[in-house]
Every structure is written in structure tokens, then in C-alpha cells.
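work_33.cif follows (mmCIF, C-alpha atoms):
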```
data_structure
#
loop_
_atom_site.group_PDB
_atom_site.id
_atom_site.type_symbol
_atom_site.label_atom_id
_atom_site.label_comp_id
_atom_site.auth_asym_id
_atom_site.auth_seq_id
_atom_site.Cartn_x
_atom_site.Cartn_y
_atom_site.Cartn_z
ATOM 1 C CA MET A 1 0.000 0.000 0.000
ATOM 2 C CA ARG A 2 1.273 3.486 -0.844
ATOM 3 C CA VAL A 3 0.867 6.013 1.953
ATOM 4 C CA GLU A 4 0.928 9.798 1.743
ATOM 5 C CA VAL A 5 0.961 11.926 4.890
ATOM 6 C CA HIS A 6 0.655 15.686 5.167
ATOM 7 C CA VAL A 7 1.600 17.421 8.410
ATOM 8 C CA THR A 8 0.686 21.073 8.929
ATOM 9 C CA LEU A 9 0.922 23.472 11.841
ATOM 10 C CA LYS A 10 -2.373 23.969 13.663
ATOM 11 C CA PRO A 11 -4.132 27.173 12.579
ATOM 12 C CA ALA A 12 -3.508 28.826 15.961
ATOM 13 C CA VAL A 13 0.267 28.283 15.752
ATOM 14 C CA LEU A 14 2.281 31.119 14.249
ATOM 15 C CA ASP A 15 4.060 29.781 11.132
ATOM 16 C CA VAL A 16 7.080 32.066 10.795
ATOM 17 C CA GLN A 17 8.497 30.097 7.865
ATOM 18 C CA GLY A 18 5.208 30.168 5.979
ATOM 19 C CA LYS A 19 5.015 33.912 6.579
ATOM 20 C CA ALA A 20 8.532 34.413 5.193
ATOM 21 C CA VAL A 21 7.749 32.317 2.098
ATOM 22 C CA GLN A 22 4.567 34.302 1.499
ATOM 23 C CA GLY A 23 6.532 37.525 1.831
ATOM 24 C CA ALA A 24 9.023 36.252 -0.742
ATOM 25 C CA LEU A 25 6.205 35.384 -3.145
ATOM 26 C CA HIS A 26 4.835 38.903 -2.717
ATOM 27 C CA SER A 27 8.250 40.324 -3.525
ATOM 28 C CA LEU A 28 8.177 38.251 -6.737
ATOM 29 C CA GLY A 29 4.982 40.054 -7.650
ATOM 30 C CA HIS A 30 2.533 37.330 -6.594
ATOM 31 C CA ASP A 31 0.533 39.755 -4.481
ATOM 32 C CA ALA A 32 -2.615 37.637 -4.651
ATOM 33 C CA VAL A 33 -1.117 34.979 -2.351
ATOM 34 C CA THR A 34 -2.638 34.939 1.138
ATOM 35 C CA GLY A 35 -2.803 32.486 4.014
ATOM 36 C CA LEU A 36 0.311 30.495 3.062
ATOM 37 C CA ARG A 37 1.217 27.742 5.523
ATOM 38 C CA GLN A 38 4.270 25.538 5.243
ATOM 39 C CA GLY A 39 4.002 21.835 6.011
ATOM 40 C CA LYS A 40 5.682 18.470 5.623
ATOM 41 C CA TYR A 41 4.975 15.643 3.195
ATOM 42 C CA PHE A 42 5.873 11.979 3.711
ATOM 43 C CA THR A 43 5.300 9.112 1.320
ATOM 44 C CA PHE A 44 6.168 5.476 1.839
ATOM 45 C CA ASP A 45 5.170 1.893 1.039
ATOM 46 C CA LEU A 46 3.470 -0.138 3.702
ATOM 47 C CA GLY A 47 3.581 -3.913 3.283
ATOM 48 C CA SER A 48 0.014 -4.525 4.212
ATOM 49 C CA THR A 49 -3.123 -5.424 2.294
ATOM 50 C CA ASP A 50 -5.440 -4.998 5.251
ATOM 51 C CA ARG A 51 -6.779 -1.475 4.900
ATOM 52 C CA ALA A 52 -8.107 -1.077 8.443
ATOM 53 C CA GLY A 53 -4.859 -2.359 9.934
ATOM 54 C CA ALA A 54 -2.796 -0.099 7.665
ATOM 55 C CA GLU A 55 -4.885 2.902 8.609
ATOM 56 C CA ALA A 56 -4.456 2.187 12.317
ATOM 57 C CA ALA A 57 -0.696 1.842 11.815
ATOM 58 C CA VAL A 58 -0.424 5.123 9.884
ATOM 59 C CA LYS A 59 -2.452 6.941 12.523
ATOM 60 C CA ASP A 60 -0.141 5.589 15.208
ATOM 61 C CA MET A 61 2.931 6.740 13.230
ATOM 62 C CA CYS A 62 1.458 10.212 12.802
ATOM 63 C CA GLU A 63 0.521 10.594 16.457
ATOM 64 C CA LYS A 64 3.808 9.283 17.834
ATOM 65 C CA LEU A 65 6.481 10.527 15.447
ATOM 66 C CA LEU A 66 5.514 12.127 12.138
ATOM 67 C CA SER A 67 3.565 14.934 13.807
ATOM 68 C CA ASN A 68 3.624 16.585 17.206
ATOM 69 C CA PRO A 69 -0.054 16.767 18.217
ATOM 70 C CA VAL A 70 0.679 19.781 20.427
ATOM 71 C CA ILE A 71 1.386 21.985 17.408
ATOM 72 C CA GLU A 72 0.511 20.010 14.279
ATOM 73 C CA ASP A 73 -2.401 18.366 12.466
ATOM 74 C CA PHE A 74 -2.039 15.515 10.011
ATOM 75 C CA THR A 75 -3.970 13.989 7.127
ATOM 76 C CA TYR A 76 -3.155 10.777 5.290
ATOM 77 C CA GLU A 77 -4.180 8.856 2.188
ATOM 78 C CA LEU A 78 -3.737 5.184 1.437
ATOM 79 C CA GLN A 79 -3.665 3.804 -2.073
ATOM 80 C CA GLU A 80 -3.577 0.173 -3.127
ATOM 81 C CA SER A 81 -0.241 -0.392 -4.852
ATOM 82 C CA ALA A 82 -0.608 -1.020 -8.584
ATOM 83 C CA MET B 1 26.118 13.418 43.682
ATOM 84 C CA LYS B 2 26.509 11.246 40.602
ATOM 85 C CA ALA B 3 25.508 12.584 37.204
ATOM 86 C CA ALA B 4 24.937 11.116 33.748
ATOM 87 C CA VAL B 5 25.175 13.269 30.618
ATOM 88 C CA ILE B 6 23.391 11.606 27.698
ATOM 89 C CA VAL B 7 25.254 11.791 24.403
ATOM 90 C CA PHE B 8 23.091 11.641 21.279
ATOM 91 C CA PRO B 9 24.470 11.627 17.741
ATOM 92 C CA GLY B 10 24.669 15.376 17.110
ATOM 93 C CA SER B 11 24.951 16.489 20.734
ATOM 94 C CA ASN B 12 27.554 19.244 20.924
ATOM 95 C CA CYS B 13 27.243 20.676 24.432
ATOM 96 C CA ASP B 14 27.796 17.349 26.180
ATOM 97 C CA HIS B 15 31.430 18.230 26.899
ATOM 98 C CA ASP B 16 30.420 21.616 28.312
ATOM 99 C CA ALA B 17 27.987 19.893 30.696
ATOM 100 C CA VAL B 18 30.596 17.313 31.694
ATOM 101 C CA HIS B 19 33.187 20.060 32.203
ATOM 102 C CA ALA B 20 30.859 22.120 34.391
ATOM 103 C CA LEU B 21 29.824 19.186 36.558
ATOM 104 C CA ARG B 22 33.219 17.484 36.802
ATOM 105 C CA GLU B 23 35.655 20.383 36.914
ATOM 106 C CA ILE B 24 33.641 23.161 38.538
ATOM 107 C CA PHE B 25 31.456 21.185 40.936
ATOM 108 C CA SER B 26 33.521 18.000 41.410
ATOM 109 C CA VAL B 27 30.516 15.837 40.590
ATOM 110 C CA GLU B 28 31.201 12.257 39.486
ATOM 111 C CA THR B 29 29.957 12.492 35.906
ATOM 112 C CA HIS B 30 29.453 9.761 33.341
ATOM 113 C CA GLU B 31 28.844 10.174 29.638
ATOM 114 C CA VAL B 32 26.138 7.771 28.553
ATOM 115 C CA TRP B 33 25.692 6.901 24.879
ATOM 116 C CA HIS B 34 22.127 7.190 23.565
ATOM 117 C CA GLY B 35 22.241 3.549 22.443
ATOM 118 C CA ASP B 36 22.707 2.285 25.992
ATOM 119 C CA THR B 37 19.636 1.029 27.789
ATOM 120 C CA SER B 38 20.507 1.799 31.395
ATOM 121 C CA LEU B 39 22.017 4.595 33.468
ATOM 122 C CA PRO B 40 25.003 4.009 35.770
ATOM 123 C CA SER B 41 23.684 2.699 39.085
ATOM 124 C CA ASP B 42 22.791 5.385 41.644
ATOM 125 C CA THR B 43 22.647 8.136 39.029
ATOM 126 C CA GLU B 44 21.096 11.130 40.772
ATOM 127 C CA LEU B 45 21.151 13.727 38.001
ATOM 128 C CA VAL B 46 20.507 13.148 34.296
ATOM 129 C CA VAL B 47 21.488 15.908 31.873
ATOM 130 C CA LEU B 48 20.156 16.004 28.327
ATOM 131 C CA PRO B 49 22.671 18.339 26.687
ATOM 132 C CA GLY B 50 22.432 20.915 23.936
ATOM 133 C CA GLY B 51 23.192 20.264 20.305
ATOM 134 C CA PHE B 52 21.465 18.976 17.227
ATOM 135 C CA SER B 53 20.512 15.401 18.042
ATOM 136 C CA TYR B 54 19.822 13.509 14.808
ATOM 137 C CA GLY B 55 20.523 16.703 12.886
ATOM 138 C CA ASP B 56 17.241 18.177 14.179
ATOM 139 C CA TYR B 57 15.579 16.057 11.479
ATOM 140 C CA LEU B 58 11.765 16.002 11.508
ATOM 141 C CA ARG B 59 11.522 18.253 14.603
ATOM 142 C CA SER B 60 14.190 19.105 17.161
ATOM 143 C CA GLY B 61 14.289 16.307 19.715
ATOM 144 C CA ALA B 62 11.662 14.186 17.929
ATOM 145 C CA ILE B 63 13.962 11.311 17.021
ATOM 146 C CA ALA B 64 16.174 11.469 20.123
ATOM 147 C CA ARG B 65 13.026 10.866 22.130
ATOM 148 C CA PHE B 66 12.994 7.282 20.838
ATOM 149 C CA SER B 67 16.673 6.577 21.567
ATOM 150 C CA PRO B 68 17.178 3.335 23.535
ATOM 151 C CA ILE B 69 18.388 5.233 26.638
ATOM 152 C CA MET B 70 15.192 7.288 26.834
ATOM 153 C CA ASP B 71 13.182 4.565 28.629
ATOM 154 C CA ALA B 72 15.694 4.748 31.478
ATOM 155 C CA VAL B 73 15.593 8.576 31.391
ATOM 156 C CA GLN B 74 11.777 8.524 31.532
ATOM 157 C CA ALA B 75 11.882 6.146 34.510
ATOM 158 C CA HIS B 76 14.501 8.328 36.241
ATOM 159 C CA ALA B 77 12.378 11.462 35.754
ATOM 160 C CA LYS B 78 9.138 9.767 36.766
ATOM 161 C CA ALA B 79 10.794 8.479 39.945
ATOM 162 C CA GLY B 80 11.200 12.141 40.950
ATOM 163 C CA ARG B 81 14.958 12.335 40.331
ATOM 164 C CA PRO B 82 16.604 15.489 38.961
ATOM 165 C CA THR B 83 16.515 15.645 35.173
ATOM 166 C CA LEU B 84 17.885 18.691 33.381
ATOM 167 C CA GLY B 85 17.326 19.398 29.702
ATOM 168 C CA ILE B 86 19.381 22.240 28.230
ATOM 169 C CA CYS B 87 18.483 23.685 24.811
ATOM 170 C CA ASN B 88 18.204 20.582 22.597
ATOM 171 C CA GLY B 89 17.711 18.681 25.858
ATOM 172 C CA PHE B 90 14.666 20.883 26.588
ATOM 173 C CA GLN B 91 13.388 20.058 23.099
ATOM 174 C CA VAL B 92 13.840 16.338 23.857
ATOM 175 C CA LEU B 93 11.932 16.759 27.148
ATOM 176 C CA VAL B 94 8.898 18.335 25.454
ATOM 177 C CA GLU B 95 8.922 15.772 22.639
ATOM 178 C CA SER B 96 9.073 13.075 25.348
ATOM 179 C CA HIS B 97 6.028 14.640 27.069
ATOM 180 C CA LEU B 98 8.043 15.000 30.272
ATOM 181 C CA LEU B 99 7.210 18.697 29.931
ATOM 182 C CA PRO B 100 4.177 20.140 28.104
ATOM 183 C CA GLY B 101 4.148 22.297 24.976
ATOM 184 C CA ALA B 102 6.534 22.530 22.044
ATOM 185 C CA LEU B 103 9.508 24.554 20.816
ATOM 186 C CA LEU B 104 9.099 26.178 17.411
ATOM 187 C CA PRO B 105 11.416 28.072 15.048
ATOM 188 C CA ASN B 106 12.378 31.470 16.458
ATOM 189 C CA ARG B 107 10.110 34.398 15.671
ATOM 190 C CA GLY B 108 12.906 36.096 13.703
ATOM 191 C CA LEU B 109 13.675 32.904 11.731
ATOM 192 C CA LYS B 110 17.343 33.306 12.572
ATOM 193 C CA PHE B 111 19.584 31.113 14.627
ATOM 194 C CA CYS B 112 19.888 33.134 17.810
ATOM 195 C CA CYS B 113 23.323 33.083 19.442
ATOM 196 C CA ARG B 114 23.741 35.784 22.042
ATOM 197 C CA VAL B 115 23.751 36.646 25.705
ATOM 198 C CA ILE B 116 20.351 37.027 27.361
ATOM 199 C CA HIS B 117 19.040 37.719 30.839
ATOM 200 C CA LEU B 118 16.618 35.599 32.766
ATOM 201 C CA LYS B 119 14.872 35.469 36.107
ATOM 202 C CA VAL B 120 13.434 32.697 38.207
ATOM 203 C CA ASP B 121 9.672 32.491 38.248
ATOM 204 C CA GLY B 122 7.212 30.186 39.888
ATOM 205 C CA LYS B 123 7.584 27.919 42.830
ATOM 206 C CA GLY B 124 10.744 26.340 44.102
ATOM 207 C CA SER B 125 12.412 23.403 42.424
ATOM 208 C CA PRO B 126 15.709 21.851 43.519
ATOM 209 C CA PHE B 127 17.248 23.626 40.523
ATOM 210 C CA THR B 128 16.019 27.067 41.542
ATOM 211 C CA ALA B 129 15.338 26.918 45.313
ATOM 212 C CA ASP B 130 18.390 29.018 46.220
ATOM 213 C CA ILE B 131 17.973 31.612 43.469
ATOM 214 C CA GLY B 132 16.234 34.811 44.527
ATOM 215 C CA GLU B 133 13.185 36.015 42.607
ATOM 216 C CA ASP B 134 14.859 39.353 41.926
ATOM 217 C CA GLU B 135 18.150 37.843 40.822
ATOM 218 C CA VAL B 136 18.845 38.632 37.145
ATOM 219 C CA MET B 137 21.124 36.027 35.579
ATOM 220 C CA THR B 138 23.158 36.379 32.405
ATOM 221 C CA MET B 139 23.594 33.338 30.146
ATOM 222 C CA PRO B 140 24.118 32.562 26.472
ATOM 223 C CA VAL B 141 21.437 31.162 24.177
ATOM 224 C CA ALA B 142 22.210 29.404 20.882
ATOM 225 C CA HIS B 143 19.219 27.931 19.128
ATOM 226 C CA HIS B 144 16.953 28.055 16.101
ATOM 227 C CA GLU B 145 13.916 26.395 17.688
ATOM 228 C CA GLY B 146 13.411 28.094 21.035
ATOM 229 C CA ARG B 147 9.995 29.712 20.714
ATOM 230 C CA TYR B 148 7.956 28.072 23.430
ATOM 231 C CA HIS B 149 4.398 27.312 22.428
ATOM 232 C CA ALA B 150 1.438 25.846 24.276
ATOM 233 C CA ASP B 151 -2.275 26.590 24.039
ATOM 234 C CA GLU B 152 -3.694 29.359 26.230
ATOM 235 C CA ASP B 153 -5.255 26.940 28.739
ATOM 236 C CA THR B 154 -1.946 25.144 29.204
ATOM 237 C CA LEU B 155 -0.088 28.458 29.610
ATOM 238 C CA ASP B 156 -2.608 29.608 32.232
ATOM 239 C CA ARG B 157 -2.309 26.302 34.052
ATOM 240 C CA LEU B 158 1.513 26.409 33.995
ATOM 241 C CA GLU B 159 1.494 29.922 35.427
ATOM 242 C CA GLY B 160 -1.244 29.084 37.944
ATOM 243 C CA GLU B 161 0.709 26.090 39.219
ATOM 244 C CA GLY B 162 3.990 28.025 39.284
ATOM 245 C CA LEU B 163 5.695 25.773 36.745
ATOM 246 C CA VAL B 164 7.332 28.496 34.647
ATOM 247 C CA ALA B 165 10.877 28.138 35.975
ATOM 248 C CA PHE B 166 12.550 30.993 34.058
ATOM 249 C CA ARG B 167 11.489 33.975 31.996
ATOM 250 C CA TYR B 168 13.541 36.162 29.692
ATOM 251 C CA CYS B 169 14.009 39.689 30.982
ATOM 252 C CA GLY B 170 16.137 42.778 30.512
ATOM 253 C CA PRO B 171 19.364 43.504 32.429
ATOM 254 C CA ASP B 172 17.224 45.332 35.013
ATOM 255 C CA GLY B 173 14.785 42.436 35.350
ATOM 256 C CA SER B 174 11.986 44.094 33.395
ATOM 257 C CA ARG B 175 9.931 42.077 30.949
ATOM 258 C CA GLY B 176 9.219 43.067 27.373
ATOM 259 C CA GLU B 177 9.327 41.888 23.792
ATOM 260 C CA ALA B 178 12.775 43.416 23.262
ATOM 261 C CA HIS B 179 14.263 41.064 25.851
ATOM 262 C CA ASN B 180 12.649 37.915 24.447
ATOM 263 C CA PRO B 181 15.122 36.465 21.915
ATOM 264 C CA ASN B 182 12.816 34.040 20.113
ATOM 265 C CA GLY B 183 9.166 35.032 20.563
ATOM 266 C CA SER B 184 8.508 32.496 23.331
ATOM 267 C CA LEU B 185 4.957 32.837 24.588
ATOM 268 C CA ARG B 186 4.811 34.706 27.908
ATOM 269 C CA ASP B 187 8.629 35.103 27.777
ATOM 270 C CA ILE B 188 9.091 31.496 28.881
ATOM 271 C CA ALA B 189 12.769 30.469 28.946
ATOM 272 C CA GLY B 190 12.407 27.374 31.090
ATOM 273 C CA LEU B 191 9.788 25.063 32.565
ATOM 274 C CA MET B 192 9.559 22.490 35.299
ATOM 275 C CA ASN B 193 7.221 19.582 35.947
ATOM 276 C CA PRO B 194 4.813 19.629 38.937
ATOM 277 C CA GLY B 195 7.358 17.667 41.006
ATOM 278 C CA GLY B 196 10.035 20.292 40.267
ATOM 279 C CA ASN B 197 12.564 17.557 39.466
ATOM 280 C CA VAL B 198 12.372 17.896 35.672
ATOM 281 C CA LEU B 199 13.700 21.208 34.358
ATOM 282 C CA GLY B 200 14.049 22.268 30.741
ATOM 283 C CA LEU B 201 15.497 25.588 29.596
ATOM 284 C CA MET B 202 16.794 27.106 26.377
ATOM 285 C CA PRO B 203 19.647 29.202 27.885
ATOM 286 C CA HIS B 204 22.932 27.423 28.608
ATOM 287 C CA PRO B 205 23.857 27.455 32.324
ATOM 288 C CA GLU B 206 26.675 24.961 31.650
ATOM 289 C CA ARG B 207 28.366 27.505 29.374
ATOM 290 C CA ALA B 208 28.181 30.195 32.063
ATOM 291 C CA VAL B 209 30.138 28.723 34.950
ATOM 292 C CA GLU B 210 33.377 30.695 34.700
ATOM 293 C CA THR B 211 33.766 34.479 34.574
ATOM 294 C CA VAL B 212 36.405 34.073 31.868
ATOM 295 C CA LEU B 213 33.565 32.853 29.622
ATOM 296 C CA GLY B 214 31.563 36.011 30.239
ATOM 297 C CA SER B 215 29.323 34.895 33.077
ATOM 298 C CA ALA B 216 29.327 32.516 36.007
ATOM 299 C CA ASP B 217 25.584 32.902 36.657
ATOM 300 C CA GLY B 218 24.881 29.397 35.365
ATOM 301 C CA ARG B 219 26.516 28.160 38.543
ATOM 302 C CA ARG B 220 23.456 29.288 40.473
ATOM 303 C CA ILE B 221 21.354 26.453 39.015
ATOM 304 C CA PHE B 222 23.940 23.741 39.717
ATOM 305 C CA GLU B 223 24.709 25.174 43.175
ATOM 306 C CA SER B 224 21.011 25.211 44.010
ATOM 307 C CA LEU B 225 20.640 21.568 42.957
ATOM 308 C CA LEU B 226 23.735 20.462 44.902
ATOM 309 C CA ALA B 227 22.555 22.332 48.016
ATOM 310 C CA ALA B 228 19.122 20.679 47.723
ATOM 311 C CA GLY B 229 20.869 17.306 47.494
ATOM 312 C CA ARG B 230 22.883 18.061 50.648
ATOM 313 C CA ARG B 231 19.732 19.147 52.503
ATOM 314 C CA ALA B 232 17.966 15.914 51.503
ATOM 315 C CA ALA B 233 20.926 13.731 52.548
#
```
What is this file in C-alpha cells?
Amino acid sequence: MRVEVHVTLKPAVLDVQGKAVQGALHSLGHDAVTGLRQGKYFTFDLGSTDRAGAEAAVKDMCEKLLSNPVIEDFTYELQESA
Amino acid sequence: MKAAVIVFPGSNCDHDAVHALREIFSVETHEVWHGDTSLPSDTELVVLPGGFSYGDYLRSGAIARFSPIMDAVQAHAKAGRPTLGICNGFQVLVESHLLPGALLPNRGLKFCCRVIHLKVDGKGSPFTADIGEDEVMTMPVAHHEGRYHADEDTLDRLEGEGLVAFRYCGPDGSRGEAHNPNGSLRDIAGLMNPGGNVLGLMPHPERAVETVLGSADGRRIFESLLAAGRRAA
């Protein structure tokens, strides 16, 4: 199974890097950009065909290591490998 | 007193901590590799030193938290024994949930390496019991992720329970944004657990133990801990 995980800072957490990137885009003339938030992307193969089990495992990974629940939210997608 | 300084791959203030404990305070100090699974017997103080454990990959302290030695460190801390996290060590403590909250990239986005001032806040802990509330201490900071963050309820609770160990301040002890090097919420420079035995702080007391290095104020924290140990003995 192919797994994709996105980790983003919670809305209430000040994202200084996202702010700097947005400022840089503005300086490039992309003034229409607002609300930019920087996050992390992980993708990996999971040797499992059991979808419920895989989902539980990915959730565990996100809660324990891939994200810090104090400051970050996560979303994930699982796709059957071709 | 017997101390253990944990050495992670990427630690770079471990020698400073060992030097301070061994040479300045004559404490029997052992360096313990992160891959070990136990602390030397009768270890009284565990120090998680500054540095860039695991290259700060993922989040500062996030991978060090799962080092083999950390089960023994958790047990040591939960048994009420002194556990000191300095800079990256503070980051490891929050990632380990031994202290609440998180440490985020500095407000100014720059690595911040300079001398700051701080004051004790909150209730007594063995690390701070002998430091006066009006005492302004001078110590260096050197970090990129030192902006303390927790939600408002947690911040209120920490303040209500007197668990904010240190706050950034000016040379005269006054608080204000100009004296806060990283944008830490409520000027928090260091925190303790409810038992007072787990202390995490971003400034480096171990690098401020000799006047030739610019300040000896860091001694106050180690002296306080050693005095508390003598009182308990």
C-alpha cells in the first residue's frame, strides 16, 4: 500500500516560515497569495493489504512521530499499490 | 552526587555539561551513549545536553526521544529524580512529554546566538530553590527552535501552578518583547514539571560557569541543585 501523509501546523500556531515564504512570493509580484502555511509531506510503502490495519498503523505513526499533536495536524491517504 | 550526561548523535554541548559538573562542581559524571539502555547505578542527576541530536531532522528532539536510553531517562524522571534538559535537551523533554508544549522556530527565523538575561519564576524546584526572585542572571542562548508554544489553557495552568521556571528579561529584570530572543509565549525560557525535578530551559547554564567565559551565573542552578541534594541527605 502506498501512503501519503501531510503534516501542517495547527491554525492557531504562528508559522514564521510560511510567513517568510509568502513575503518572498509577494516580492516576486505574486501579491494575490494569502494564508500560506508551510508543512511536511511523507510518502512510503506499507507492506500490508489490510486497509483497516494499515490505517491504524499510519495513525499511530502520525501521532507518535511524524507529527507533534501539540502543534501540528495531520492527514493521510492510502492507495492500493498497482 | 553522581551525574549522567546523555550523548546523542549530534549532541555538541555534552562536553560543556561534563566540564561544568566534573571540573567546577567536582561531581562524578558519566557520559552515557544514547544507544545504551541503562544509566550508571545510583545516578542522581541526568542531563540532556544541547546540540542537534539527529541533525534536528523532523523536529528538534523528535527522534532522540525514541533513543534506547530514553526509557531509562523517563523512569529516572518519573521516579522524581533530577533531570535537566538544556536547549536541545529541553526540546527532547517536550517531545518526550516529560514537559508540556513545544519549541518552534524562532520568531525572527534566525539562529539566535547571544547573551540574554533571565529570572526565576514560579515555585521552588531543587534547581532554583536558592535563586532569589529578583536575581537577574546572564547566560548565552544558541538555538533556532526556542519559541515556546502551548495553548492558552496550558499556559494559564503552567502559570497558575507556578511551573514556569525561568522567563527572559532585561538587564534590570523588566519584561518586554525586546528582551525575548525568540518570541517564546509569555517570555518562557524554562519550565519544570509539577514535582520540580524535571527542568528544561533554552539558555545554557553549563556555558556560564566561569567568569572568563563572560558569566558565572549558570553556577546558580547547579549550586542550588547540589545544596538541595545536601539538605535531603
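Residues from chain B found within 10 Å of chain A are Leu58, Arg59, Ala62, Ile63, Arg65, Phe66, Val94, Glu95, Ser96, His97, Pro100, Gly101, Ala102, Leu103, Leu104, Pro105, Asn106, Arg107, Gly108, Leu109, His149, Ala150 and Asp151 of chain B, counting only C-alpha atoms.
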*Output check: residues returned by the PyMOL selection byres ((chain B and resi 191-203) around 6), as a ChimeraX atom specification*: /B:80-87,90,125,140-141,163-165,189-190,204
Given the file above and the PyMOL selection byres ((chain B and resi 8) around 6), which residues are selected, and can you give them as a PDB file with C-alpha atoms, keeping the file's coordinate frame?
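Writing the result to out.pdb gives the following:
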```
ATOM      1  CA  VAL B   7      25.254  11.791  24.403  1.00  0.00           C
ATOM      2  CA  PRO B   9      24.470  11.627  17.741  1.00  0.00           C
ATOM      3  CA  GLY B  10      24.669  15.376  17.110  1.00  0.00           C
ATOM      4  CA  SER B  11      24.951  16.489  20.734  1.00  0.00           C
ATOM      5  CA  HIS B  34      22.127   7.190  23.565  1.00  0.00           C
ATOM      6  CA  SER B  53      20.512  15.401  18.042  1.00  0.00           C
TER       7      SER B  53
END
```
*asked:* Give me, as a ChimeraX atom specification, all polymer residues having an atom no more than 12 Å from Asp121 (chain B), counting only C-alpha atoms and skipping those fewer than 3 positions away in the same chain.
replied: /B:118,124-125,127-129,131-136,158-169,173,186-192
*Do you know which residues are at most 12 Å from Lys2 (chain B) counting only C-alpha atoms, after dropping those on the same chain fewer than 2 positions away, and could you put them as a PyMOL selection string?*
chain B and resi 4-5+18+21-22+25-31+39-47+81-82+226+229
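Residues in contact with Lys19 (chain A) at 10 Å, where all atoms listed in the file are counted and same-chain residues fewer than 4 positions away are skipped, are listed as Leu14, Asp15, Gly23, Ala24, Leu25, Thr34, Gly35, Leu36, Arg37 and Gln38 of chain A.
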